[in-house]
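Beneath this line is the structure, given in C-alpha cells, with notes to follow.
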Amino acid sequence: MAAAHLPASPLVVRATDGRRAELALTGDIGAEVLRPLEERLGAPPLSEADEWIVDMSEATHLDLACAYALLRVATRWPVAALTIRGARRTVHRTLRHAGLDTAAVMEDLGVAEGSRDSEVAEGR
C-alpha cells in the first residue's frame, strides 16, 4: 500500500499486508492536529492492523492530548503489539505521562538526541 499523508498533520501511514501498520510522526505534533490525527488513527488500515510500529524519531514535540489519542486507540482495539521507536527525551516524557509506556514497547528512546542538538547548533 502506498504511503498516505494526512492533510495538515505530521502523520504518514505505511501499511503492509493489512496486518502490520507503520506510522511516522514528524515535527511539532500539537493540539491543532488532534482531530485529524484521531480520525486517521481510528480508520482502516490502522484499525485493522495486528501490529503497530510508530517511528517518532523526527517528532520534535508531542502535545499531551495527541499522546492520549495514541493511548486511546492502542487500548480500544486488540492491537497485538504497539512499538514506539526513536522518541526524543521530551516526546518520551509526554508519552510516559499519558501512560503509553504501559501499553507499548518503547525502543531506541532519545537516540542520538545530543547529536541532533549539536547538528542544529552547528547549522546542519
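Ordered as shown in the C-alpha cells, chains take letters A, B, and onward, while each chain numbers its residues from 1 and ligands are numbered from 1 in the order shown.
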
Query - Sel. of alpha helix (DSSP H) residues, stretch 14-123 of chain A, as a VMD selection string - result: chain A and resid 34 to 41 64 to 76 89 to 98 100 to 103 113 to 121

Selected residues written out, N, CA and C atoms, as a short mmCIF file (atom, residue, chain, number, x, y, z; two decimals), in the first residue's frame:
data_model
loop_
_atom_site.label_atom_id
_atom_site.label_comp_id
_atom_site.auth_asym_id
_atom_site.auth_seq_id
_atom_site.Cartn_x
_atom_site.Cartn_y
_atom_site.Cartn_z
N LEU A 34 -5.07 17.34 16.53
CA LEU A 34 -5.66 16.27 17.32
C LEU A 34 -6.82 15.58 16.60
N ARG A 35 -7.79 16.34 16.12
CA ARG A 35 -8.96 15.72 15.49
C ARG A 35 -8.59 14.91 14.25
N PRO A 36 -7.83 15.47 13.29
CA PRO A 36 -7.47 14.64 12.13
C PRO A 36 -6.60 13.45 12.52
N LEU A 37 -5.77 13.61 13.53
CA LEU A 37 -4.93 12.50 13.99
C LEU A 37 -5.81 11.38 14.54
N GLU A 38 -6.77 11.71 15.40
CA GLU A 38 -7.68 10.70 15.96
C GLU A 38 -8.47 10.00 14.86
N GLU A 39 -8.95 10.77 13.88
CA GLU A 39 -9.72 10.19 12.79
C GLU A 39 -8.88 9.20 12.01
N ARG A 40 -7.66 9.60 11.71
CA ARG A 40 -6.78 8.73 10.92
C ARG A 40 -6.37 7.49 11.71
N LEU A 41 -6.10 7.65 13.00
CA LEU A 41 -5.70 6.51 13.81
C LEU A 41 -6.83 5.49 13.96
N LEU A 64 0.25 16.62 24.82
CA LEU A 64 -0.28 15.57 25.68
C LEU A 64 -1.60 15.01 25.15
N ALA A 65 -2.46 15.85 24.59
CA ALA A 65 -3.73 15.38 24.04
C ALA A 65 -3.50 14.39 22.89
N CYS A 66 -2.48 14.62 22.09
CA CYS A 66 -2.17 13.71 20.98
C CYS A 66 -1.60 12.40 21.51
N ALA A 67 -0.84 12.46 22.60
CA ALA A 67 -0.34 11.24 23.23
C ALA A 67 -1.51 10.42 23.76
N TYR A 68 -2.49 11.10 24.36
CA TYR A 68 -3.68 10.39 24.84
C TYR A 68 -4.46 9.78 23.68
N ALA A 69 -4.47 10.43 22.52
CA ALA A 69 -5.14 9.86 21.34
C ALA A 69 -4.49 8.55 20.96
N LEU A 70 -3.16 8.50 20.98
CA LEU A 70 -2.46 7.25 20.69
C LEU A 70 -2.82 6.18 21.72
N LEU A 71 -2.88 6.56 22.98
CA LEU A 71 -3.22 5.61 24.04
C LEU A 71 -4.64 5.09 23.88
N ARG A 72 -5.60 5.98 23.60
CA ARG A 72 -6.99 5.56 23.43
C ARG A 72 -7.13 4.54 22.31
N VAL A 73 -6.51 4.83 21.20
CA VAL A 73 -6.62 3.92 20.06
C VAL A 73 -5.91 2.60 20.36
N ALA A 74 -4.76 2.67 21.01
CA ALA A 74 -3.99 1.47 21.32
C ALA A 74 -4.72 0.55 22.29
N THR A 75 -5.54 1.11 23.15
CA THR A 75 -6.26 0.29 24.13
C THR A 75 -7.69 -0.02 23.71
N ARG A 76 -8.17 0.65 22.67
CA ARG A 76 -9.55 0.41 22.20
C ARG A 76 -9.64 -0.89 21.43
N ARG A 89 13.77 12.60 24.09
CA ARG A 89 13.53 12.59 25.52
C ARG A 89 12.24 13.33 25.90
N THR A 90 12.03 14.51 25.33
CA THR A 90 10.83 15.29 25.69
C THR A 90 9.55 14.62 25.17
N VAL A 91 9.62 14.01 24.00
CA VAL A 91 8.47 13.29 23.46
C VAL A 91 8.21 12.04 24.30
N HIS A 92 9.27 11.34 24.67
CA HIS A 92 9.12 10.15 25.51
C HIS A 92 8.47 10.51 26.84
N ARG A 93 8.87 11.63 27.40
CA ARG A 93 8.28 12.07 28.67
C ARG A 93 6.77 12.28 28.53
N THR A 94 6.35 12.88 27.42
CA THR A 94 4.92 13.09 27.18
C THR A 94 4.20 11.76 27.01
N LEU A 95 4.81 10.83 26.28
CA LEU A 95 4.22 9.50 26.10
C LEU A 95 4.06 8.81 27.45
N ARG A 96 5.07 8.93 28.29
CA ARG A 96 5.02 8.32 29.62
C ARG A 96 3.94 8.97 30.48
N HIS A 97 3.81 10.29 30.41
CA HIS A 97 2.78 10.99 31.19
C HIS A 97 1.39 10.53 30.77
N ALA A 98 1.21 10.20 29.50
CA ALA A 98 -0.09 9.73 29.01
C ALA A 98 -0.33 8.26 29.35
N LEU A 100 1.45 5.68 27.92
CA LEU A 100 1.76 4.79 26.80
C LEU A 100 2.88 3.81 27.12
N ASP A 101 3.68 4.10 28.13
CA ASP A 101 4.74 3.16 28.49
C ASP A 101 4.17 1.85 29.03
N THR A 102 2.90 1.84 29.43
CA THR A 102 2.26 0.62 29.91
C THR A 102 1.56 -0.14 28.78
N ALA A 103 1.30 0.51 27.66
CA ALA A 103 0.59 -0.12 26.55
C ALA A 103 1.47 -0.37 25.34
N GLU A 113 19.98 12.04 20.47
CA GLU A 113 19.37 13.35 20.70
C GLU A 113 20.43 14.41 20.89
N GLY A 114 21.49 14.06 21.58
CA GLY A 114 22.58 15.01 21.76
C GLY A 114 23.22 15.38 20.44
N SER A 115 23.37 14.40 19.55
CA SER A 115 23.97 14.72 18.25
C SER A 115 23.01 15.53 17.40
N ARG A 116 21.70 15.31 17.52
CA ARG A 116 20.73 16.14 16.80
C ARG A 116 20.83 17.59 17.26
N ASP A 117 20.91 17.76 18.58
CA ASP A 117 21.00 19.11 19.12
C ASP A 117 22.28 19.81 18.67
N SER A 118 23.40 19.06 18.64
CA SER A 118 24.65 19.68 18.21
C SER A 118 24.62 20.00 16.73
N GLU A 119 23.94 19.17 15.92
CA GLU A 119 23.81 19.44 14.50
C GLU A 119 23.01 20.72 14.26
N VAL A 120 21.95 20.89 15.05
CA VAL A 120 21.14 22.10 14.94
C VAL A 120 21.98 23.31 15.32
N ALA A 121 22.73 23.18 16.41
CA ALA A 121 23.56 24.31 16.86
C ALA A 121 24.62 24.66 15.83
#

Leaving out A:Ala59 and any residue of its chain fewer than 2 positions from it, which residues lie within 6 Å of it when counting only C-alpha atoms, given as a CSV table (one decimal) with all heavy atoms, in the first residue's frame?
chain,number,residue,atom,x,y,z
A,25,LEU,N,5.5,9.8,12.8
A,25,LEU,CA,5.0,11.1,13.3
A,25,LEU,C,6.2,12.0,13.3
A,25,LEU,O,7.3,11.7,13.8
A,25,LEU,CB,4.4,11.0,14.7
A,25,LEU,CG,3.1,10.2,14.7
A,25,LEU,CD1,2.8,9.8,16.2
A,25,LEU,CD2,2.0,11.0,14.2
A,26,THR,N,6.1,13.2,12.6
A,26,THR,CA,7.2,14.1,12.5
A,26,THR,C,6.9,15.5,12.9
A,26,THR,O,5.7,15.9,12.9
A,26,THR,CB,7.7,14.1,11.0
A,26,THR,OG1,6.6,14.6,10.2
A,26,THR,CG2,8.1,12.8,10.5
A,27,GLY,N,7.9,16.3,13.3
A,27,GLY,CA,7.7,17.7,13.6
A,27,GLY,C,7.0,18.0,14.9
A,27,GLY,O,7.1,17.2,15.8
A,56,MET,N,8.9,7.8,15.9
A,56,MET,CA,8.8,9.1,16.4
A,56,MET,C,10.2,9.8,16.4
A,56,MET,O,10.4,10.9,17.0
A,56,MET,CB,8.2,9.1,17.7
A,56,MET,CG,6.8,8.5,17.7
A,56,MET,SD,5.9,8.9,19.2
A,56,MET,CE,5.4,10.6,18.9
A,57,SER,N,11.1,9.3,15.6
A,57,SER,CA,12.5,9.9,15.6
A,57,SER,C,12.5,11.3,15.1
A,57,SER,O,13.5,12.1,15.4
A,57,SER,CB,13.4,9.0,14.8
A,57,SER,OG,13.0,8.9,13.5
A,61,HIS,N,8.1,17.7,19.1
A,61,HIS,CA,7.2,18.0,20.2
A,61,HIS,C,5.9,17.1,20.0
A,61,HIS,O,5.5,16.9,18.9
A,61,HIS,CB,6.8,19.5,20.2
A,61,HIS,CG,5.7,19.8,21.1
A,61,HIS,ND1,4.4,20.0,20.7
A,61,HIS,CD2,5.7,20.0,22.5
A,61,HIS,CE1,3.7,20.3,21.8
A,61,HIS,NE2,4.5,20.3,22.9

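Going from atom CA of A:Ile84 over to atom CA of A:Ile53, you cover 6.0 Å.
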
Query raised in the report: Within 10 Å of A:Ala21, counting only C-alpha atoms, which residues qualify if same-chain residues fewer than 3 places away don't, as a VMD selection string?
Result: chain A and resid 13 to 18 44 to 54 82

Go ahead and dump the residues you just picked, all heavy atoms, as a compact mmCIF listing (two decimals), in the first residue's frame.
# COMPACT_ATOMS: atom_id res chain seq x y z
N VAL A 13 1.25 7.15 7.13
CA VAL A 13 0.94 5.76 7.41
C VAL A 13 1.45 4.90 6.26
O VAL A 13 1.17 5.17 5.11
CB VAL A 13 -0.59 5.55 7.55
CG1 VAL A 13 -0.90 4.08 7.78
CG2 VAL A 13 -1.15 6.40 8.66
N ARG A 14 2.20 3.86 6.64
CA ARG A 14 2.64 2.86 5.67
C ARG A 14 2.14 1.53 6.21
O ARG A 14 2.60 1.07 7.26
CB ARG A 14 4.16 2.84 5.56
CG ARG A 14 4.75 4.15 5.09
CD ARG A 14 6.27 4.10 5.03
NE ARG A 14 6.90 3.85 6.32
CZ ARG A 14 7.36 4.82 7.11
NH1 ARG A 14 7.26 6.07 6.75
NH2 ARG A 14 7.93 4.52 8.25
N ALA A 15 1.20 0.91 5.52
CA ALA A 15 0.67 -0.37 5.99
C ALA A 15 1.17 -1.49 5.08
O ALA A 15 1.19 -1.32 3.87
CB ALA A 15 -0.85 -0.35 6.00
N THR A 16 1.54 -2.59 5.67
CA THR A 16 1.99 -3.73 4.89
C THR A 16 1.09 -4.91 5.16
O THR A 16 0.81 -5.23 6.30
CB THR A 16 3.45 -4.10 5.23
OG1 THR A 16 3.53 -4.38 6.62
CG2 THR A 16 4.40 -2.98 4.88
N ASP A 17 0.62 -5.50 4.16
CA ASP A 17 -0.21 -6.71 4.13
C ASP A 17 -1.43 -6.70 5.06
O ASP A 17 -1.98 -7.74 5.37
CB ASP A 17 0.63 -7.97 4.36
CG ASP A 17 1.08 -8.21 5.80
OD1 ASP A 17 0.55 -7.62 6.73
OD2 ASP A 17 2.00 -9.03 5.97
N GLY A 18 -1.87 -5.55 5.51
CA GLY A 18 -3.06 -5.44 6.34
C GLY A 18 -2.90 -5.92 7.76
O GLY A 18 -3.80 -5.79 8.57
N PRO A 44 -9.36 2.42 8.95
CA PRO A 44 -8.51 1.44 8.27
C PRO A 44 -7.42 2.17 7.50
O PRO A 44 -7.64 3.29 7.06
CB PRO A 44 -9.47 0.73 7.30
CG PRO A 44 -10.84 1.00 7.86
CD PRO A 44 -10.75 2.33 8.56
N PRO A 45 -6.27 1.63 7.35
CA PRO A 45 -5.84 0.28 7.71
C PRO A 45 -5.39 0.14 9.16
O PRO A 45 -5.19 -0.97 9.63
CB PRO A 45 -4.66 0.03 6.77
CG PRO A 45 -4.05 1.38 6.61
CD PRO A 45 -5.21 2.34 6.62
N LEU A 46 -5.25 1.24 9.89
CA LEU A 46 -4.75 1.15 11.26
C LEU A 46 -5.67 0.36 12.17
O LEU A 46 -5.21 -0.44 12.99
CB LEU A 46 -4.50 2.54 11.83
CG LEU A 46 -3.42 3.35 11.14
CD1 LEU A 46 -3.26 4.69 11.80
CD2 LEU A 46 -2.11 2.60 11.12
N SER A 47 -6.97 0.57 12.06
CA SER A 47 -7.90 -0.13 12.95
C SER A 47 -7.94 -1.63 12.66
O SER A 47 -8.43 -2.39 13.48
CB SER A 47 -9.30 0.47 12.83
OG SER A 47 -9.80 0.29 11.51
N GLU A 48 -7.40 -2.05 11.52
CA GLU A 48 -7.41 -3.46 11.15
C GLU A 48 -6.06 -4.14 11.37
O GLU A 48 -5.95 -5.35 11.21
CB GLU A 48 -7.81 -3.59 9.68
CG GLU A 48 -9.21 -3.06 9.42
CD GLU A 48 -9.51 -2.90 7.95
OE1 GLU A 48 -8.58 -2.99 7.11
OE2 GLU A 48 -10.68 -2.67 7.63
N ALA A 49 -5.05 -3.40 11.73
CA ALA A 49 -3.71 -3.96 11.87
C ALA A 49 -3.54 -4.70 13.19
O ALA A 49 -4.11 -4.31 14.21
CB ALA A 49 -2.67 -2.85 11.76
N ASP A 50 -2.75 -5.76 13.17
CA ASP A 50 -2.43 -6.53 14.37
C ASP A 50 -1.20 -5.98 15.10
O ASP A 50 -1.00 -6.25 16.26
CB ASP A 50 -2.17 -7.99 14.01
CG ASP A 50 -3.40 -8.69 13.49
OD1 ASP A 50 -4.51 -8.35 13.92
OD2 ASP A 50 -3.24 -9.58 12.64
N GLU A 51 -0.40 -5.26 14.37
CA GLU A 51 0.85 -4.73 14.93
C GLU A 51 1.05 -3.31 14.44
O GLU A 51 0.84 -3.02 13.26
CB GLU A 51 2.03 -5.60 14.46
CG GLU A 51 3.37 -5.11 14.94
CD GLU A 51 4.51 -5.94 14.41
OE1 GLU A 51 4.30 -6.80 13.53
OE2 GLU A 51 5.64 -5.71 14.87
N TRP A 52 1.42 -2.44 15.36
CA TRP A 52 1.72 -1.05 15.02
C TRP A 52 3.17 -0.76 15.35
O TRP A 52 3.65 -1.12 16.43
CB TRP A 52 0.89 -0.08 15.84
CG TRP A 52 -0.55 0.03 15.50
CD1 TRP A 52 -1.31 -0.86 14.77
CD2 TRP A 52 -1.43 1.06 15.89
NE1 TRP A 52 -2.60 -0.41 14.71
CE2 TRP A 52 -2.70 0.75 15.38
CE3 TRP A 52 -1.26 2.22 16.62
CZ2 TRP A 52 -3.80 1.58 15.59
CZ3 TRP A 52 -2.36 3.04 16.83
CH2 TRP A 52 -3.61 2.71 16.31
N ILE A 53 3.84 -0.09 14.44
CA ILE A 53 5.18 0.42 14.72
C ILE A 53 5.12 1.92 14.46
O ILE A 53 4.76 2.36 13.37
CB ILE A 53 6.23 -0.24 13.82
CG1 ILE A 53 6.27 -1.73 14.13
CG2 ILE A 53 7.60 0.41 14.03
CD1 ILE A 53 7.17 -2.52 13.23
N VAL A 54 5.40 2.70 15.48
CA VAL A 54 5.33 4.15 15.38
C VAL A 54 6.74 4.73 15.47
O VAL A 54 7.39 4.62 16.51
CB VAL A 54 4.44 4.75 16.49
CG1 VAL A 54 4.32 6.25 16.33
CG2 VAL A 54 3.06 4.09 16.50
N LEU A 82 2.26 -2.87 20.02
CA LEU A 82 2.47 -1.46 19.72
C LEU A 82 3.90 -1.14 20.11
O LEU A 82 4.29 -1.31 21.26
CB LEU A 82 1.49 -0.58 20.50
CG LEU A 82 1.71 0.93 20.42
CD1 LEU A 82 1.60 1.41 18.98
CD2 LEU A 82 0.72 1.65 21.31

Query raised in the report: Could you state the separation of atom CA of A:Thr60 and atom CA of A:Arg19 in Å, given to one decimal place?
Result: 28.4 Å
